[in-house]
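Q: Sharing a structure below in structure tokens format, with a few things to ask.
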Amino acid sequence: MKAAKSMAPGNLTQVTEFVLMGVSDSPELQIPLFLVFLVIYGLTVAGNMGIITLTSIDSQLQTPMYFFLRHLAIINLGNSTVIAPKMLVNFLISKKTISYYGCAAQLGGFLVCIVAEIFMLAAMAYDRYVAICNPLRYMVVVSPQICLLLVSLTYFHSLTTALTVSSCVFSVSYCSSNIINHFYCDNIPLLALSCSDTYIPETAVFTFSGTNLFFSMIIVLISYGNIILAILRIRSSEGRRKAFSTCASHMTAVTVFYGTLLFMYLQPRTNHSLNTDKMASVFYTLVIPMLNPLIYSLRNKDVKDALKRLLDNPRQSIKPMSV
């Protein structure tokens with residue numbers, strides 16, 4: 001299943017395609033897993049497209065919080081779409097191959113989305129911090145220009161990281177096994193196949209992973225530290241409950257998301273169990289993008305009211321997209 005081209009000297013060959021083992025190699029599980037992940041991907045597309053549509057056209061959802069939420073939905077949709085279609089096809093075919101350049105493109109697309117999600121969650125934490133701790137200056141501090149700047153920097157940084165890391169990962173030689181013990185092209189399983197020195201790409205992977213997680217988590221921790229202190233200073237229990245309810249879902253999602261990434265990437269390769277990593281990857285690449293519309297929106301009164309307005313009177317609720 002391995003196409004190759006000659007390398008000199010010796011009898012080494014250069015891999016030109018990879019085989020993705022998938023979530024499970026058990027034949028009897030392929031159709032049930034296909035159906036499960038088809039439902040997950042379908043719900044992800046429907047939920048995130050719904051959020052993108054509502055936050056784009058509804059006149060009552062043109063605030064910074066929903067501007068960031070719209071971009072989080074775009075990122076979640078992109079993350080799932082980079083991985084799920086190829087994964088679903090592989091459940092139904094026996095030759096589960098992906099080309100060398102297709103693998104590089106999938107890794108790059110995945111890195112763009114995962115890094116963008118990390119910093120979009122940090123931007124959303126900062127937004128909640130300003131809204132709760134400095135409400136009178138909220139629309140000044142989190143102005144449309146600042147929102148656009150934060151989102152633009154997030155996408156620029158994620159693209160730069162993806163290009164750098166994927167270039168490092170594919171700068172090494174793959175000339176032995178081409179079987180990736182994963183359901184998509186990720187850097188850790190790929191580097192495990194390399195037949196050359198992986199010190200530089202491993203250093204790049206762990207450096208970028210560590211710094212991205214560190215700086216984004218610092219933003220989140222400082223923001224929520226100040227939010228908790230501000231909530232504790234509120235005298236009425238009803239006031240504390242309302243303030244906490246505006247960020248409780250985000251705090252839960254951030255904890256699960258960052259915890260999974262820390263588990264995945266900030267450990268030496270020798271300590272990695274690829275099967276354990278595979279299950280964690282299913283969670284943050286496919287399950288979290290499906291759950292985020294529920295976490296952030298379907299439990300949100302503003303979004304439910306917007307959906308009701310759209311269904312009852314579409315023309316009245318629609319407004320040109322703005323922050």
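Here's how to read the names in the structure tokens: chain A, B, ... by the order shown, residue numbers from 1 in each chain, ligand numbers from 1 in the order shown.
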Find the residues around Met279 of chain A up to 12 Å (only C-alpha atoms counted), leave out those fewer than 6 positions away in its own chain, and share them as a list in words.
A: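 The filter keeps Gly22, Val23, Ser24, Asn181, His182, Phe183, Thr260, Phe263, Met264, Ser273, Thr285, Leu286 and Val287 of chain A.
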Q: Return as JSON, numbers by chain the full set of residues in segment 50-107 of chain A whose backbone-based DSSP assignment is helix (DSSP H, G or I).
A: {"A": [50, 51, 52, 53, 54, 55, 56, 57, 59, 60, 61, 64, 65, 66, 67, 68, 69, 70, 71, 72, 73, 74, 75, 76, 77, 78, 79, 80, 81, 82, 83, 84, 85, 86, 87, 88, 89, 90, 91, 92, 100, 101, 102, 103, 104, 105, 106, 107]}
Q: Might you pull out every residue within 12 Å of Tyr199 of chain A, with only C-alpha atoms counted and same-chain residues fewer than 6 positions away left off, and present them as JSON, numbers by chain?
A: {"A": [168, 169, 171, 172, 191, 192, 205, 206, 207, 268, 269]}
Q: For the selection you just gave me, I'd like the residues written to a file as a tab-separated table (two decimals), in the first residue's frame, keeping N, CA, C and O atoms.
A:
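Okay, this is what ended up in again_17.tsv:
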```
chain	number	residue	atom	x	y	z
A	168	CYS	N	8.19	21.77	9.54
A	168	CYS	CA	9.19	21.03	10.32
A	168	CYS	C	8.89	19.52	10.32
A	168	CYS	O	9.79	18.70	10.16
A	169	VAL	N	7.63	19.17	10.52
A	169	VAL	CA	7.25	17.76	10.57
A	169	VAL	C	7.53	17.06	9.24
A	169	VAL	O	7.98	15.91	9.21
A	171	SER	N	9.76	18.01	7.04
A	171	SER	CA	11.14	18.20	6.59
A	171	SER	C	11.99	16.95	6.84
A	171	SER	O	13.07	16.83	6.28
A	172	VAL	N	11.49	16.04	7.68
A	172	VAL	CA	12.23	14.81	7.96
A	172	VAL	C	11.87	13.74	6.93
A	172	VAL	O	10.91	13.88	6.18
A	191	LEU	N	5.71	11.77	13.44
A	191	LEU	CA	7.12	11.78	13.82
A	191	LEU	C	7.57	10.41	14.31
A	191	LEU	O	8.76	10.06	14.20
A	192	ALA	N	6.64	9.62	14.85
A	192	ALA	CA	6.98	8.27	15.29
A	192	ALA	C	7.40	7.38	14.12
A	192	ALA	O	8.05	6.35	14.32
A	205	VAL	N	7.43	21.28	17.69
A	205	VAL	CA	6.07	20.89	18.11
A	205	VAL	C	5.86	21.24	19.58
A	205	VAL	O	4.86	21.89	19.94
A	206	PHE	N	6.77	20.82	20.45
A	206	PHE	CA	6.58	21.04	21.88
A	206	PHE	C	6.76	22.51	22.27
A	206	PHE	O	6.11	23.00	23.18
A	207	THR	N	7.64	23.23	21.55
A	207	THR	CA	7.82	24.65	21.84
A	207	THR	C	6.57	25.45	21.48
A	207	THR	O	6.06	26.24	22.30
A	268	PRO	N	6.57	13.83	27.11
A	268	PRO	CA	7.57	13.29	26.18
A	268	PRO	C	6.97	12.21	25.30
A	268	PRO	O	6.04	11.51	25.69
A	269	ARG	N	7.52	12.09	24.10
A	269	ARG	CA	6.98	11.11	23.17
A	269	ARG	C	7.06	9.69	23.72
A	269	ARG	O	6.20	8.85	23.44
```
Q: Name all residues at most 6 Å from segment 162-166 of chain A (count only C-alpha atoms; drop same-chain ones fewer than 5 positions away) and give them as a ChimeraX atom specification.
A: /A:108,111-112
Q: Looking at A:Leu29, A:Leu107, A:Met124, A:Leu38, which one is nearest to His250 of chain A, with distances taken over only C-alpha atoms?
A: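 So, comparing all the options, the nearest one is A:Met124.
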Q: Residues within 12 Å of Pro85 of chain A, please, as a list in words. Count only C-alpha atoms; anything in the same chain fewer than 3 positions from it doesn't count.
A: Phe34, Phe37, Leu38, Ile40, Tyr41, Gly42, Val45, Leu77, Gly78, Asn79, Ser80, Thr81, Val82, Leu88, Val89, Asn90, Phe91, Leu92, Gln106, Phe183, Tyr184 and Leu286 of chain A
Q: Please measure the separation of atom CA of Ala230 of chain A and atom CA of Ala73 of chain A, giving the value in Å to one decimal.
A: 28.6 Å
Q: I need the residue nearest Ala123 of chain A from this list: A:Ile93, A:Met217, A:Leu54, A:Val15. Use only C-alpha atoms for the distance.
A: A:Met217
Q: Restricting the calculation to only C-alpha atoms, which member of A:Tyr296, A:Tyr224, A:Tyr100, A:Phe110 is positioned closest to Tyr174 of chain A?
A: A:Tyr100
